[in-house]
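One file, input36.pdb, carrying PDB, C-alpha atoms:
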```pdb
ATOM      1  CA  MET A  28      17.409  -6.672  20.046
ATOM      2  CA  LEU A  29      14.169  -5.907  18.227
ATOM      3  CA  LEU A  30      15.904  -3.253  16.122
ATOM      4  CA  HIS A  31      18.852  -5.565  15.462
ATOM      5  CA  ASP A  32      16.605  -8.483  14.466
ATOM      6  CA  THR A  33      14.412  -6.265  12.293
ATOM      7  CA  ALA A  34      17.485  -4.867  10.519
ATOM      8  CA  LEU A  35      18.725  -8.406   9.797
ATOM      9  CA  ILE A  36      15.395  -9.523   8.308
ATOM     10  CA  TYR A  37      14.970  -6.231   6.445
ATOM     11  CA  GLY A  38      18.449  -6.493   4.918
ATOM     12  CA  ARG A  39      17.862 -10.077   3.807
ATOM     13  CA  TYR A  40      14.655  -9.296   1.950
ATOM     14  CA  LEU A  41      15.888  -5.981   0.583
ATOM     15  CA  ARG A  42      18.850  -7.742  -1.020
ATOM     16  CA  GLN A  43      16.409 -10.153  -2.649
ATOM     17  CA  SER A  44      14.467  -7.215  -4.081
ATOM     18  CA  LEU A  45      17.581  -5.483  -5.371
ATOM     19  CA  ARG A  46      18.575  -8.655  -7.230
ATOM     20  CA  SER A  47      15.252  -8.501  -9.106
ATOM     21  CA  ARG A  48      15.330  -5.010 -10.617
ATOM     22  CA  PHE A  49      12.797  -5.974 -13.291
ATOM     23  CA  ALA A  50      10.218  -6.793 -10.617
ATOM     24  CA  LEU A  51      10.826  -3.392  -8.989
ATOM     25  CA  LEU A  52       9.876  -1.582 -12.189
ATOM     26  CA  PHE A  53       7.156  -4.012 -13.273
ATOM     27  CA  GLY A  54       5.160  -3.275 -10.117
ATOM     28  CA  LEU A  55       4.928   0.327 -11.293
ATOM     29  CA  LEU A  56       3.387  -0.632 -14.630
ATOM     30  CA  MET A  57      -0.330  -0.491 -13.779
ATOM     31  CA  PRO A  58      -0.313   2.953 -12.072
ATOM     32  CA  LEU A  59       1.905   4.280 -14.847
ATOM     33  CA  LEU A  60      -0.546   3.082 -17.509
ATOM     34  CA  TYR A  61      -3.386   4.804 -15.656
ATOM     35  CA  LEU A  62      -1.280   7.958 -15.530
ATOM     36  CA  LEU A  63      -0.469   7.908 -19.249
ATOM     37  CA  PHE A  64      -3.795   6.773 -20.701
ATOM     38  CA  PHE A  65      -6.411   7.771 -18.105
ATOM     39  CA  GLY A  66      -4.969  11.038 -16.796
ATOM     40  CA  PRO A  67      -5.279  13.031 -20.053
ATOM     41  CA  LEU A  68      -8.990  12.099 -20.247
ATOM     42  CA  LEU A  69      -9.644  14.029 -17.024
ATOM     43  CA  THR A  70      -8.051  17.286 -18.147
ATOM     44  CA  GLY A  71     -10.610  20.067 -18.159
ATOM     45  CA  LEU A  72     -13.441  17.971 -16.691
ATOM     46  CA  PRO A  73     -15.422  19.323 -13.690
ATOM     47  CA  LEU A  74     -14.246  16.841 -11.067
ATOM     48  CA  GLY A  75     -15.726  18.581  -8.050
ATOM     49  CA  GLY A  76     -12.443  19.089  -6.219
ATOM     50  CA  ARG A  77      -9.801  21.717  -5.677
ATOM     51  CA  GLY A  78      -6.681  21.757  -7.782
ATOM     52  CA  SER A  79      -5.995  20.268 -11.181
ATOM     53  CA  SER A  80      -7.009  16.872 -12.459
ATOM     54  CA  TRP A  81      -3.452  15.664 -11.820
ATOM     55  CA  GLN A  82      -3.718  16.691  -8.168
ATOM     56  CA  LEU A  83      -6.788  14.471  -7.936
ATOM     57  CA  LEU A  84      -5.504  11.500  -9.910
ATOM     58  CA  VAL A  85      -1.903  11.137  -8.716
ATOM     59  CA  PRO A  86      -2.732  10.727  -4.980
ATOM     60  CA  GLY A  87      -5.172   7.974  -5.931
ATOM     61  CA  LEU A  88      -2.552   6.236  -8.057
ATOM     62  CA  LEU A  89      -0.014   6.404  -5.236
ATOM     63  CA  LEU A  90      -2.385   4.677  -2.842
ATOM     64  CA  GLN A  91      -3.438   2.238  -5.560
ATOM     65  CA  LEU A  92       0.222   1.268  -5.826
ATOM     66  CA  GLY A  93       0.304   0.474  -2.122
ATOM     67  CA  LEU A  94      -3.103  -1.220  -2.145
ATOM     68  CA  PHE A  95      -2.449  -3.764  -4.874
ATOM     69  CA  GLY A  96       1.255  -4.195  -4.244
ATOM     70  CA  ALA A  97       1.144  -4.785  -0.488
ATOM     71  CA  SER A  98      -2.010  -6.907  -0.571
ATOM     72  CA  PHE A  99      -0.238  -9.602  -2.584
ATOM     73  CA  THR A 100       3.047  -9.689  -0.650
ATOM     74  CA  GLY A 101       1.793 -12.663   1.349
ATOM     75  CA  PHE A 102       2.359 -14.943  -1.657
ATOM     76  CA  ALA A 103       6.061 -15.006  -0.751
ATOM     77  CA  ILE A 104       5.121 -16.352   2.689
ATOM     78  CA  ILE A 105       3.216 -19.242   1.082
ATOM     79  CA  ILE A 106       6.282 -20.124  -1.014
ATOM     80  CA  GLU A 107       8.571 -19.930   2.021
ATOM     81  CA  LYS A 108       6.225 -22.188   3.975
ATOM     82  CA  GLY A 109       6.326 -24.783   1.220
ATOM     83  CA  GLN A 110      10.137 -24.692   1.063
ATOM     84  CA  GLY A 111      10.570 -24.858   4.842
ATOM     85  CA  VAL A 112      12.323 -21.466   5.000
ATOM     86  CA  LEU A 113       9.753 -19.951   7.334
ATOM     87  CA  GLU A 114       9.908 -22.804   9.838
ATOM     88  CA  ARG A 115      13.701 -22.606   9.978
ATOM     89  CA  MET A 116      13.452 -18.895  10.741
ATOM     90  CA  ARG A 117      10.781 -19.457  13.391
ATOM     91  CA  VAL A 118      12.973 -21.828  15.423
ATOM     92  CA  THR A 119      15.639 -19.133  15.785
ATOM     93  CA  PRO A 120      15.512 -16.680  18.731
ATOM     94  CA  VAL A 121      14.599 -13.824  16.350
ATOM     95  CA  SER A 122      11.618 -11.803  17.554
ATOM     96  CA  ARG A 123       8.343 -12.693  15.846
ATOM     97  CA  LEU A 124       7.637  -8.979  15.496
ATOM     98  CA  ALA A 125      10.989  -8.587  13.711
ATOM     99  CA  LEU A 126      10.086 -11.408  11.306
ATOM    100  CA  LEU A 127       7.049  -9.377  10.311
ATOM    101  CA  LEU A 128       8.511  -5.865  10.437
ATOM    102  CA  GLY A 129      11.566  -6.813   8.381
ATOM    103  CA  ARG A 130       9.286  -7.979   5.565
ATOM    104  CA  VAL A 131       6.783  -5.125   5.595
ATOM    105  CA  LEU A 132       9.435  -2.421   5.955
ATOM    106  CA  ARG A 133      11.182  -3.874   2.891
ATOM    107  CA  ASP A 134       7.842  -3.661   1.066
ATOM    108  CA  ALA A 135       7.375  -0.069   2.233
ATOM    109  CA  THR A 136      10.842   0.842   0.930
ATOM    110  CA  VAL A 137      10.109  -0.705  -2.468
ATOM    111  CA  PHE A 138       6.722   0.959  -2.868
ATOM    112  CA  VAL A 139       7.942   4.390  -1.760
ATOM    113  CA  PHE A 140      10.722   4.085  -4.354
ATOM    114  CA  GLN A 141       8.116   3.240  -6.990
ATOM    115  CA  ALA A 142       5.956   6.135  -5.754
ATOM    116  CA  VAL A 143       8.860   8.538  -6.285
ATOM    117  CA  LEU A 144       9.217   7.359  -9.889
ATOM    118  CA  LEU A 145       5.462   7.703 -10.426
ATOM    119  CA  VAL A 146       5.431  11.282  -9.115
ATOM    120  CA  LEU A 147       8.406  12.203 -11.309
ATOM    121  CA  ALA A 148       6.538  10.832 -14.337
ATOM    122  CA  ALA A 149       3.441  12.806 -13.317
ATOM    123  CA  VAL A 150       5.474  16.014 -13.029
ATOM    124  CA  THR A 151       6.568  15.634 -16.647
ATOM    125  CA  MET A 152       2.876  15.347 -17.619
ATOM    126  CA  GLY A 153       1.784  18.476 -15.766
ATOM    127  CA  LEU A 154       1.469  17.712 -12.043
ATOM    128  CA  ARG A 155       2.243  20.646  -9.788
ATOM    129  CA  ALA A 156       2.116  20.077  -6.045
ATOM    130  CA  PRO A 157       3.958  21.450  -2.990
ATOM    131  CA  LEU A 158       6.952  19.437  -1.851
ATOM    132  CA  ALA A 159       5.495  19.026   1.645
ATOM    133  CA  GLY A 160       2.322  17.568   0.139
ATOM    134  CA  VAL A 161       4.300  15.120  -1.974
ATOM    135  CA  LEU A 162       6.285  13.955   1.075
ATOM    136  CA  ILE A 163       3.066  13.518   3.053
ATOM    137  CA  GLY A 164       1.780  11.351   0.221
ATOM    138  CA  PHE A 165       4.863   9.131   0.481
ATOM    139  CA  ALA A 166       4.280   8.802   4.240
ATOM    140  CA  PHE A 167       0.710   7.629   3.636
ATOM    141  CA  VAL A 168       1.910   5.100   1.051
ATOM    142  CA  CYS A 169       4.399   3.778   3.609
ATOM    143  CA  LEU A 170       1.744   3.410   6.334
ATOM    144  CA  LEU A 171      -0.703   1.758   3.944
ATOM    145  CA  THR A 172       1.971  -0.686   2.805
ATOM    146  CA  VAL A 173       2.867  -1.631   6.379
ATOM    147  CA  SER A 174      -0.821  -2.185   7.201
ATOM    148  CA  LEU A 175      -1.790  -4.242   4.178
ATOM    149  CA  GLY A 176       1.508  -6.098   4.065
ATOM    150  CA  SER A 177       1.025  -7.212   7.680
ATOM    151  CA  LEU A 178      -2.506  -8.426   6.993
ATOM    152  CA  SER A 179      -1.413 -10.129   3.777
ATOM    153  CA  CYS A 180       1.274 -12.045   5.673
ATOM    154  CA  ALA A 181      -1.278 -13.013   8.322
ATOM    155  CA  VAL A 182      -3.632 -14.384   5.675
ATOM    156  CA  ALA A 183      -0.795 -16.251   3.946
ATOM    157  CA  LEU A 184       0.132 -17.983   7.197
ATOM    158  CA  ARG A 185      -3.424 -19.289   7.512
ATOM    159  CA  VAL A 186      -3.785 -20.685   3.981
ATOM    160  CA  ASP A 187      -1.851 -23.361   2.162
ATOM    161  CA  THR A 188      -1.895 -22.403  -1.519
ATOM    162  CA  PRO A 189      -1.859 -19.245  -3.670
ATOM    163  CA  GLN A 190      -5.106 -20.469  -5.230
ATOM    164  CA  THR A 191      -6.775 -19.963  -1.869
ATOM    165  CA  SER A 192      -5.155 -16.621  -1.066
ATOM    166  CA  GLY A 193      -5.614 -14.988  -4.488
ATOM    167  CA  PRO A 194      -9.431 -14.889  -4.630
ATOM    168  CA  LEU A 195      -9.601 -13.736  -1.012
ATOM    169  CA  VAL A 196      -7.232 -10.844  -1.623
ATOM    170  CA  ASN A 197      -9.076  -9.857  -4.809
ATOM    171  CA  ALA A 198     -12.396  -9.913  -2.952
ATOM    172  CA  LEU A 199     -11.005  -7.301  -0.549
ATOM    173  CA  THR A 200      -8.925  -5.094  -2.849
ATOM    174  CA  MET A 201     -11.437  -4.529  -5.635
ATOM    175  CA  PRO A 202     -14.214  -3.086  -3.399
ATOM    176  CA  SER A 203     -11.547  -1.006  -1.662
ATOM    177  CA  MET A 204     -10.454   0.507  -4.971
ATOM    178  CA  LEU A 205     -13.998   1.153  -6.207
ATOM    179  CA  LEU A 206     -15.379   2.597  -2.969
ATOM    180  CA  SER A 207     -12.425   4.688  -1.847
ATOM    181  CA  GLY A 208     -12.413   7.117  -4.782
ATOM    182  CA  LEU A 209      -8.945   6.250  -6.008
ATOM    183  CA  MET A 210      -9.697   7.185  -9.611
ATOM    184  CA  LEU A 211     -12.333   9.888  -9.097
ATOM    185  CA  PRO A 212     -13.514  11.723  -5.963
ATOM    186  CA  MET A 213     -16.530  10.117  -4.308
ATOM    187  CA  THR A 214     -18.219  13.515  -4.177
ATOM    188  CA  LEU A 215     -19.200  12.793  -7.801
ATOM    189  CA  ALA A 216     -21.047   9.636  -6.734
ATOM    190  CA  PRO A 217     -24.732   9.361  -5.766
ATOM    191  CA  GLY A 218     -25.443  10.074  -2.123
ATOM    192  CA  TRP A 219     -25.899   6.424  -1.128
ATOM    193  CA  LEU A 220     -22.585   5.439  -2.727
ATOM    194  CA  ASP A 221     -20.753   8.353  -1.113
ATOM    195  CA  LEU A 222     -22.201   7.314   2.264
ATOM    196  CA  LEU A 223     -21.138   3.698   1.749
ATOM    197  CA  SER A 224     -17.603   4.761   0.896
ATOM    198  CA  HIS A 225     -17.166   6.298   4.370
ATOM    199  CA  PHE A 226     -17.058   2.749   5.774
ATOM    200  CA  MET A 227     -13.931   2.100   3.689
ATOM    201  CA  PRO A 228     -10.743   3.126   5.607
ATOM    202  CA  LEU A 229      -8.827   3.831   2.396
ATOM    203  CA  ARG A 230     -11.302   6.639   1.576
ATOM    204  CA  TYR A 231      -9.865   8.761   4.412
ATOM    205  CA  LEU A 232      -6.299   8.283   3.222
ATOM    206  CA  VAL A 233      -7.228   9.285  -0.319
ATOM    207  CA  ASP A 234      -8.959  12.478   0.851
ATOM    208  CA  ALA A 235      -6.002  13.373   3.081
ATOM    209  CA  VAL A 236      -3.383  12.977   0.346
ATOM    210  CA  ARG A 237      -5.483  14.984  -2.094
ATOM    211  CA  ASP A 238      -5.683  17.812   0.427
ATOM    212  CA  ALA A 239      -1.905  17.613   0.883
ATOM    213  CA  TYR A 240      -1.367  17.890  -2.870
ATOM    214  CA  VAL A 241      -3.208  21.231  -2.953
ATOM    215  CA  GLY A 242      -1.373  22.528   0.109
ATOM    216  CA  SER A 243      -4.167  22.128   2.695
ATOM    217  CA  TYR A 244      -2.566  20.567   5.763
ATOM    218  CA  GLY A 245      -4.902  21.524   8.618
ATOM    219  CA  THR A 246      -8.158  20.112   7.294
ATOM    220  CA  ASP A 247     -10.467  17.505   8.822
ATOM    221  CA  HIS A 248      -9.571  15.200   5.939
ATOM    222  CA  MET A 249      -5.907  15.370   6.950
ATOM    223  CA  LEU A 250      -6.691  14.699  10.603
ATOM    224  CA  TYR A 251      -9.015  11.775   9.911
ATOM    225  CA  GLY A 252      -6.637  10.343   7.328
ATOM    226  CA  ALA A 253      -3.684  10.435   9.718
ATOM    227  CA  LEU A 254      -5.694   8.851  12.542
ATOM    228  CA  VAL A 255      -7.008   6.071  10.300
ATOM    229  CA  ALA A 256      -3.584   5.400   8.749
ATOM    230  CA  VAL A 257      -1.755   5.171  12.075
ATOM    231  CA  GLY A 258      -4.535   3.243  13.819
ATOM    232  CA  PHE A 259      -4.859   0.782  10.955
ATOM    233  CA  SER A 260      -1.084   0.231  10.935
ATOM    234  CA  VAL A 261      -0.950  -0.501  14.660
ATOM    235  CA  LEU A 262      -3.903  -2.884  14.427
ATOM    236  CA  ALA A 263      -2.527  -4.695  11.372
ATOM    237  CA  VAL A 264       0.980  -5.143  12.822
ATOM    238  CA  THR A 265      -0.543  -6.438  16.072
ATOM    239  CA  VAL A 266      -2.659  -8.985  14.192
ATOM    240  CA  GLY A 267       0.230 -10.024  11.967
ATOM    241  CA  THR A 268       2.597 -10.500  14.903
ATOM    242  CA  ARG A 269       0.048 -12.606  16.781
ATOM    243  CA  VAL A 270      -0.452 -14.848  13.767
ATOM    244  CA  PHE A 271       3.330 -15.243  13.385
ATOM    245  CA  ARG A 272       3.475 -16.416  16.994
ATOM    246  CA  THR A 273       0.573 -18.886  16.802
ATOM    247  CA  ALA A 274       0.393 -20.187  13.229
ATOM    248  CA  GLY A 275       1.673 -23.728  13.025
ATOM    249  CA  ALA A 276       2.190 -23.922  16.793
TER     250      ALA A 276
END
```

Show the structure stored in the file as structure tokens.
Amino acid sequence: MLLHDTALIYGRYLRQSLRSRFALLFGLLMPLLYLLFFGPLLTGLPLGGRGSSWQLLVPGLLLQLGLFGASFTGFAIIIEKGQGVLERMRVTPVSRLALLLGRVLRDATVFVFQAVLLVLAAVTMGLRAPLAGVLIGFAFVCLLTVSLGSLSCAVALRVDTPQTSGPLVNALTMPSMLLSGLMLPMTLAPGWLDLLSHFMPLRYLVDAVRDAYVGSYGTDHMLYGALVAVGFSVLAVTVGTRVFRTAGA
């Protein structure tokens, strides 16, 4: 029943996304601008990492796509609460976990699709990476989207207006972007800043995907990144499901 309920919710929200093709492409705009206007500035610079500048930048842009996209998915929950849609769904026998998973899996599908387009654009600009590494990067984007989408929905269920949710989400996403090394590796940072970045879970995902893009699959970065990504996903889905069960009760 969980799979059946999840498929129903997933299909409903995926059809909504497919009806808004402009929104699908617009979400790709910011990473694409970084790729076009920031990427060429890094060519030839000593960035302190293995591989080319594209193999450093593109993994960061992929995770940036998931970070900013999934963190704001909760705004749809706030709208549905105001219109009474969410309460009508909650009185049905559909599993509360399915109500969450259907949404976040739709988000994961959308962002992986956007990630594919971003990688194709990067290939035309000079990115060269093994296929296995690229697929691993998509898997990390999917896990990050599920994690942040679940937490974003949980936050949205606890607030009443987008004006309350927006500043809170920004207060969490901006430090995550700056301290995780999305744009440049944190090995270039001063020692105290590099140390501080290790308390940011996204840092481990960034390091893992960058290793994957140079073909290094058995490194400590890959192990730590996988453990953090899976653990964070389980924790976030658990929190999100609990909030779906209790919010408004």

Could I get the residues of stretch 166-194 of chain A with an atom no further than 10 Å from an atom of stretch 233-248 of chain A, each paired with its nearest atom pair and that distance in Å to one decimal, using only C-alpha atoms, sorted by chain and residue number, as a tab-separated table?
```
residue	atom	partner	partner_atom	distance
A:Ala166	CA	A:Val236	CA	9.6
A:Phe167	CA	A:Val236	CA	7.5
A:Val168	CA	A:Val236	CA	9.5
```

Restricting the calculation to all atoms listed in the file, which member of A:Leu56, A:Ala149, A:Leu62, A:Leu132 is positioned closest to A:Thr100?
->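 Using all atoms listed in the file, the shortest distance to A:Thr100 belongs to A:Leu132.
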
note - atom CA of A:Arg272 and atom CA of A:Met28 are separated by 17.3 Å

Run through the PyMOL selection byres ((chain A and resi 175) around 8) on the given coordinates and return the selected residues as a list in words.
-> Leu94, Ala97, Ser98, Leu171, Thr172, Val173, Ser174, Gly176, Ser177, Leu178, Ser179 and Ala263 of chain A

Which residues match the PyMOL selection byres ((chain A and resi 204) around 10) in the file above, as a list in words?
->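 Applying the PyMOL selection byres ((chain A and resi 204) around 10) to the structure shown produces Gly87, Leu90, Gln91, Leu94, Phe95, Leu199, Thr200, Met201, Pro202, Ser203, Leu205, Leu206, Ser207, Gly208, Leu209, Met210, Met227, Leu229 and Arg230 of chain A.
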
Could you check which of A:Pro58, A:Gly164, A:Pro67, A:Gly93 is closest to A:Trp81, using all atoms listed in the file?
->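 Answer, going by the shortest atom-to-atom distance: A:Pro67.
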
Just say which residues the PyMOL selection byres ((chain A and resi 59) around 10) picks in this file, as a list in words.
-> Phe53, Gly54, Leu55, Leu56, Met57, Pro58, Leu60, Tyr61, Leu62, Leu63, Phe64, Phe65, Gly66, Val85, Leu88, Leu92, Leu144, Leu145, Val146, Ala148 and Ala149 of chain A

A:Thr33, A:Ser224, A:Thr265, A:Ser44 ranked by distance to A:Leu128, top pick (using all atoms listed in the file) =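 Smallest distance to A:Leu128 is found for A:Thr33.
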
Find the residue from A:Ile105, A:Leu52, A:Val186, A:Ala125 that sits nearest to A:Ile36; use all atoms listed in the file when measuring.
-> A:Ala125

May I ask which of the residues A:Asp221, A:Gly160, A:Ser192, A:Val266 is the closest one to A:Met249, counting only C-alpha atoms?
-> A:Gly160

Using all atoms listed in the file, find all polymer residues with an atom at most 12 Å away from the point (17.9, -6.0, 16.7); report them as a list in words.
-> Met28, Leu29, Leu30, His31, Asp32, Thr33, Ala34, Leu35, Ile36, Tyr37, Gly38, Pro120, Val121, Ser122, Arg123, Leu124, Ala125, Leu126, Leu128 and Gly129 of chain A

Can you work out the spacing between atom CA of A:Met152 and atom CA of A:Leu89 in Å, to one decimal?
-> 15.5 Å

Calculate how many Å separate atom CA of A:Gly78 from atom CA of A:Arg155, rounding to one decimal.
->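 Calculated distance between atom CA of A:Gly78 and atom CA of A:Arg155 is 9.2 Å.
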
If the box runs along x, y and z of the file and leaves 6 Å on each side of stretch 178-191 of chain A, what are its centre and edge lengths in Å, one decimal, as lines of an AutoDock Vina configuration file?
```
center_x = -2.8
center_y = -15.9
center_z = 1.5
size_x = 20.0
size_y = 26.9
size_z = 25.6
```

Find the residue from A:Val264, A:Val196, A:Leu184, A:Ala156 that sits nearest to A:Leu113; use all atoms listed in the file when measuring.
->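 Using all atoms listed in the file, A:Leu113 sits closest to A:Leu184.
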